[in-house]
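Below: one structure, written as structure tokens.
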Amino acid sequence: IQETGRALKGCNITRARVVGLSDATGGSQANMTLSQQRAVAVAGALKQQGLPAPSFEIDANGEAGATTAQGQDDPVRRRAEVFLTVSPR
């Protein structure tokens, strides 16, 4: 997150969206809460690094799509995704 913040400091970011995701372990409500907390934590860390975004949209997808075709939990789902819209100066 520190490297990302440093790399984006000079960019003209007009929109920033952070989406938290979880695996399918545990209950649906707990996973939704966890994914929300994950997104808020990542947005906070990026703000702390000076990411020049006017505001962050926070979304939580919980465990949606968290299982593989075999029905097993996918630990790769435990993450936050960051989407940025950058405009030329």
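Lettering and numbering for the structure tokens are positional, with chains as A, B, ... in the shown order, residues counted from 1 in each chain, and ligands counted from 1 in the shown order.
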Might you pull out every residue within 9 Å of Ala64 of chain A, with only C-alpha atoms counted and same-chain residues fewer than 3 positions away left off, and present them as an mmCIF file with N, CA, C and O atoms, in the first residue's frame?
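Contents of the output file around.cif:
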```
data_model
loop_
_atom_site.group_PDB
_atom_site.id
_atom_site.type_symbol
_atom_site.label_atom_id
_atom_site.label_comp_id
_atom_site.auth_asym_id
_atom_site.auth_seq_id
_atom_site.Cartn_x
_atom_site.Cartn_y
_atom_site.Cartn_z
ATOM 1 N N LEU A 21 -13.676 -8.041 -0.207
ATOM 2 C CA LEU A 21 -14.204 -9.376 -0.482
ATOM 3 C C LEU A 21 -13.762 -10.328 0.615
ATOM 4 O O LEU A 21 -12.800 -10.066 1.324
ATOM 5 N N SER A 22 -14.462 -11.439 0.742
ATOM 6 C CA SER A 22 -14.080 -12.458 1.727
ATOM 7 C C SER A 22 -14.244 -13.834 1.103
ATOM 8 O O SER A 22 -14.849 -13.972 0.047
ATOM 9 N N ASP A 23 -13.732 -14.848 1.798
ATOM 10 C CA ASP A 23 -13.995 -16.206 1.339
ATOM 11 C C ASP A 23 -15.345 -16.639 1.910
ATOM 12 O O ASP A 23 -16.067 -15.840 2.491
ATOM 13 N N ALA A 24 -15.704 -17.887 1.718
ATOM 14 C CA ALA A 24 -17.023 -18.366 2.146
ATOM 15 C C ALA A 24 -16.999 -19.030 3.520
ATOM 16 O O ALA A 24 -17.989 -19.612 3.940
ATOM 17 N N ASN A 61 -18.514 -6.861 -0.909
ATOM 18 C CA ASN A 61 -19.167 -7.940 -1.656
ATOM 19 C C ASN A 61 -19.265 -9.225 -0.855
ATOM 20 O O ASN A 61 -19.767 -10.220 -1.353
ATOM 21 N N THR A 67 -16.579 -19.378 -3.784
ATOM 22 C CA THR A 67 -16.261 -20.799 -3.861
ATOM 23 C C THR A 67 -15.816 -21.182 -5.260
ATOM 24 O O THR A 67 -16.193 -20.568 -6.241
#
```
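Taking only C-alpha atoms, the non-local environment of Glu63 of chain A within 10 Å (same-chain residues fewer than 3 positions away omitted) comprises Gly20, Leu21, Ser22, Asp23, Ala24, Thr25, Gly26, Gly27, Ser28, Gln29, Ala30, Asn31, Met32, Leu34, Ser35, Ala60, Ala66, Thr67, Asp73, Asp74, Arg77 and Arg78 of chain A.
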For the residues in that selection, give me N, CA and C atoms as a short mmCIF file (atom, residue, chain, number, x, y, z; two decimals), in the first residue's frame.
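Final file, result.cif:
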```cif
data_model
loop_
_atom_site.label_atom_id
_atom_site.label_comp_id
_atom_site.auth_asym_id
_atom_site.auth_seq_id
_atom_site.Cartn_x
_atom_site.Cartn_y
_atom_site.Cartn_z
N GLY A 20 -14.23 -4.58 -0.78
CA GLY A 20 -13.75 -5.64 0.08
C GLY A 20 -14.43 -6.96 -0.27
N LEU A 21 -13.68 -8.04 -0.21
CA LEU A 21 -14.20 -9.38 -0.48
C LEU A 21 -13.76 -10.33 0.61
N SER A 22 -14.46 -11.44 0.74
CA SER A 22 -14.08 -12.46 1.73
C SER A 22 -14.24 -13.83 1.10
N ASP A 23 -13.73 -14.85 1.80
CA ASP A 23 -13.99 -16.21 1.34
C ASP A 23 -15.35 -16.64 1.91
N ALA A 24 -15.70 -17.89 1.72
CA ALA A 24 -17.02 -18.37 2.15
C ALA A 24 -17.00 -19.03 3.52
N THR A 25 -15.87 -18.93 4.22
CA THR A 25 -15.80 -19.49 5.56
C THR A 25 -16.60 -18.60 6.50
N GLY A 26 -17.44 -19.20 7.34
CA GLY A 26 -18.24 -18.41 8.27
C GLY A 26 -19.58 -18.05 7.68
N GLY A 27 -20.34 -17.28 8.42
CA GLY A 27 -21.67 -16.89 7.98
C GLY A 27 -21.66 -15.73 7.01
N SER A 28 -22.73 -15.59 6.27
CA SER A 28 -22.83 -14.53 5.26
C SER A 28 -22.72 -13.14 5.86
N GLN A 29 -23.41 -12.90 6.97
CA GLN A 29 -23.36 -11.57 7.59
C GLN A 29 -21.96 -11.26 8.12
N ALA A 30 -21.33 -12.24 8.73
CA ALA A 30 -19.96 -12.04 9.23
C ALA A 30 -19.01 -11.73 8.08
N ASN A 31 -19.17 -12.41 6.96
CA ASN A 31 -18.31 -12.17 5.80
C ASN A 31 -18.57 -10.80 5.18
N MET A 32 -19.81 -10.34 5.20
CA MET A 32 -20.12 -9.01 4.69
C MET A 32 -19.46 -7.95 5.58
N LEU A 34 -16.81 -8.40 7.51
CA LEU A 34 -15.37 -8.52 7.31
C LEU A 34 -14.93 -7.84 6.02
N SER A 35 -15.66 -8.04 4.95
CA SER A 35 -15.27 -7.42 3.68
C SER A 35 -15.41 -5.89 3.75
N ALA A 60 -18.73 -3.51 -0.19
CA ALA A 60 -18.42 -4.82 0.37
C ALA A 60 -19.21 -5.87 -0.41
N ALA A 66 -17.29 -16.70 -3.84
CA ALA A 66 -16.09 -17.09 -3.10
C ALA A 66 -15.75 -18.57 -3.20
N THR A 67 -16.58 -19.38 -3.78
CA THR A 67 -16.26 -20.80 -3.86
C THR A 67 -15.82 -21.18 -5.26
N ASP A 73 -13.68 -23.29 -0.44
CA ASP A 73 -13.37 -21.88 -0.22
C ASP A 73 -12.14 -21.49 -1.03
N ASP A 74 -12.15 -20.28 -1.51
CA ASP A 74 -11.03 -19.77 -2.28
C ASP A 74 -10.35 -18.66 -1.49
N ARG A 77 -9.95 -14.93 -2.42
CA ARG A 77 -11.04 -13.96 -2.26
C ARG A 77 -10.83 -13.03 -1.08
N ARG A 78 -9.96 -13.36 -0.17
CA ARG A 78 -9.72 -12.50 1.01
C ARG A 78 -8.85 -11.33 0.60
#
```
* **Filtered DSSP result for chain A, state helix (DSSP H, G or I), as a PyMOL selection string** => chain A and resi 2-8+28-48+75-77
Keeping only N, CA, C and O atoms, take the residues you just selected and write them out as a compact mmCIF listing (two decimals), in the first residue's frame.
```txt
# COMPACT_ATOMS: atom_id res chain seq x y z
N GLN A 2 2.01 1.20 0.70
CA GLN A 2 2.90 2.36 0.72
C GLN A 2 3.43 2.66 -0.67
O GLN A 2 3.46 3.82 -1.09
N GLU A 3 3.85 1.64 -1.40
CA GLU A 3 4.37 1.84 -2.74
C GLU A 3 3.29 2.39 -3.67
O GLU A 3 3.56 3.26 -4.49
N THR A 4 2.09 1.88 -3.53
CA THR A 4 0.99 2.35 -4.36
C THR A 4 0.70 3.81 -4.08
O THR A 4 0.53 4.61 -5.00
N GLY A 5 0.64 4.17 -2.81
CA GLY A 5 0.41 5.56 -2.45
C GLY A 5 1.46 6.50 -3.01
O GLY A 5 1.15 7.55 -3.56
N ARG A 6 2.72 6.09 -2.90
CA ARG A 6 3.82 6.92 -3.43
C ARG A 6 3.72 7.04 -4.95
O ARG A 6 3.92 8.11 -5.51
N ALA A 7 3.42 5.95 -5.61
CA ALA A 7 3.36 5.95 -7.07
C ALA A 7 2.23 6.82 -7.61
O ALA A 7 2.34 7.38 -8.70
N LEU A 8 1.17 6.96 -6.86
CA LEU A 8 0.00 7.68 -7.35
C LEU A 8 -0.09 9.12 -6.87
O LEU A 8 -1.03 9.83 -7.22
N SER A 28 -22.73 -15.59 6.27
CA SER A 28 -22.83 -14.53 5.26
C SER A 28 -22.72 -13.14 5.86
O SER A 28 -22.02 -12.28 5.32
N GLN A 29 -23.41 -12.90 6.97
CA GLN A 29 -23.36 -11.57 7.59
C GLN A 29 -21.96 -11.26 8.12
O GLN A 29 -21.47 -10.15 7.96
N ALA A 30 -21.33 -12.24 8.73
CA ALA A 30 -19.96 -12.04 9.23
C ALA A 30 -19.01 -11.73 8.08
O ALA A 30 -18.14 -10.85 8.19
N ASN A 31 -19.17 -12.41 6.96
CA ASN A 31 -18.31 -12.17 5.80
C ASN A 31 -18.57 -10.80 5.18
O ASN A 31 -17.65 -10.15 4.71
N MET A 32 -19.81 -10.34 5.20
CA MET A 32 -20.12 -9.01 4.69
C MET A 32 -19.46 -7.95 5.58
O MET A 32 -18.85 -7.00 5.09
N THR A 33 -19.55 -8.15 6.89
CA THR A 33 -18.91 -7.22 7.83
C THR A 33 -17.40 -7.22 7.64
O THR A 33 -16.77 -6.16 7.58
N LEU A 34 -16.81 -8.40 7.51
CA LEU A 34 -15.37 -8.52 7.31
C LEU A 34 -14.93 -7.84 6.02
O LEU A 34 -13.94 -7.10 5.99
N SER A 35 -15.66 -8.04 4.95
CA SER A 35 -15.27 -7.42 3.68
C SER A 35 -15.41 -5.89 3.75
O SER A 35 -14.61 -5.17 3.17
N GLN A 36 -16.41 -5.40 4.48
CA GLN A 36 -16.58 -3.95 4.68
C GLN A 36 -15.38 -3.40 5.46
O GLN A 36 -14.80 -2.38 5.09
N GLN A 37 -15.01 -4.08 6.54
CA GLN A 37 -13.87 -3.65 7.34
C GLN A 37 -12.58 -3.66 6.52
O GLN A 37 -11.73 -2.78 6.66
N ARG A 38 -12.45 -4.66 5.68
CA ARG A 38 -11.25 -4.77 4.84
C ARG A 38 -11.17 -3.57 3.88
O ARG A 38 -10.11 -2.97 3.71
N ALA A 39 -12.28 -3.22 3.26
CA ALA A 39 -12.30 -2.09 2.32
C ALA A 39 -12.00 -0.78 3.04
O ALA A 39 -11.23 0.05 2.54
N VAL A 40 -12.59 -0.58 4.21
CA VAL A 40 -12.36 0.64 4.98
C VAL A 40 -10.88 0.74 5.39
O VAL A 40 -10.27 1.81 5.31
N ALA A 41 -10.28 -0.38 5.78
CA ALA A 41 -8.87 -0.39 6.19
C ALA A 41 -7.96 -0.03 5.02
O ALA A 41 -7.02 0.76 5.18
N VAL A 42 -8.23 -0.58 3.85
CA VAL A 42 -7.39 -0.29 2.68
C VAL A 42 -7.55 1.17 2.27
O VAL A 42 -6.57 1.86 1.99
N ALA A 43 -8.78 1.67 2.24
CA ALA A 43 -9.01 3.09 1.90
C ALA A 43 -8.29 4.00 2.90
O ALA A 43 -7.64 4.98 2.51
N GLY A 44 -8.36 3.67 4.18
CA GLY A 44 -7.68 4.46 5.21
C GLY A 44 -6.18 4.46 5.02
O GLY A 44 -5.52 5.50 5.16
N ALA A 45 -5.63 3.30 4.70
CA ALA A 45 -4.18 3.20 4.50
C ALA A 45 -3.74 4.01 3.27
O ALA A 45 -2.70 4.67 3.30
N LEU A 46 -4.54 3.98 2.21
CA LEU A 46 -4.20 4.75 1.01
C LEU A 46 -4.30 6.26 1.29
O LEU A 46 -3.46 7.03 0.84
N LYS A 47 -5.29 6.67 2.05
CA LYS A 47 -5.41 8.08 2.43
C LYS A 47 -4.20 8.51 3.26
O LYS A 47 -3.66 9.59 3.07
N GLN A 48 -3.78 7.64 4.18
CA GLN A 48 -2.62 7.92 5.02
C GLN A 48 -1.36 8.09 4.19
O GLN A 48 -0.47 8.86 4.55
N PRO A 75 -9.20 -18.94 -0.86
CA PRO A 75 -8.54 -17.93 -0.04
C PRO A 75 -8.12 -16.68 -0.82
O PRO A 75 -7.89 -15.64 -0.23
N VAL A 76 -8.03 -16.78 -2.12
CA VAL A 76 -7.68 -15.62 -2.94
C VAL A 76 -8.75 -14.54 -2.82
O VAL A 76 -8.50 -13.36 -3.05
N ARG A 77 -9.95 -14.93 -2.42
CA ARG A 77 -11.04 -13.96 -2.26
C ARG A 77 -10.83 -13.03 -1.08
O ARG A 77 -11.49 -12.00 -0.98
```
* Apply DSSP to the structure's backbone, then extract all residues of chain A labelled strand (DSSP E) and return them as a count of residues only. => 22
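Among the candidates A:Leu84, A:Ile1, A:Pro54, A:Arg79, the residue lying nearest to Ala16 of chain A is A:Leu84 (atoms considered: only C-alpha atoms).
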* Asked: Skipping near chain neighbours, those fewer than 5 positions away, what residues fall within 7 Å of Ala53 of chain A using only C-alpha atoms, listed as a PyMOL selection string?
  -> chain A and resi 13-16
Those selected residues, please, written with N, CA, C and O atoms and delivered as a tab-separated table (two decimals), in the first residue's frame.
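Writing the result to selection_36.tsv gives the following:
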```
chain	number	residue	atom	x	y	z
A	13	ILE	N	-6.45	11.93	-9.64
A	13	ILE	CA	-7.47	10.91	-9.39
A	13	ILE	C	-8.80	11.61	-9.12
A	13	ILE	O	-8.91	12.42	-8.21
A	14	THR	N	-9.80	11.28	-9.93
A	14	THR	CA	-11.11	11.91	-9.77
A	14	THR	C	-12.11	11.00	-9.06
A	14	THR	O	-13.13	11.48	-8.58
A	15	ARG	N	-11.80	9.73	-9.00
A	15	ARG	CA	-12.71	8.79	-8.33
A	15	ARG	C	-11.89	7.61	-7.82
A	15	ARG	O	-11.01	7.11	-8.51
A	16	ALA	N	-12.19	7.17	-6.60
A	16	ALA	CA	-11.51	6.01	-6.02
A	16	ALA	C	-12.57	5.13	-5.36
A	16	ALA	O	-13.37	5.60	-4.57
```
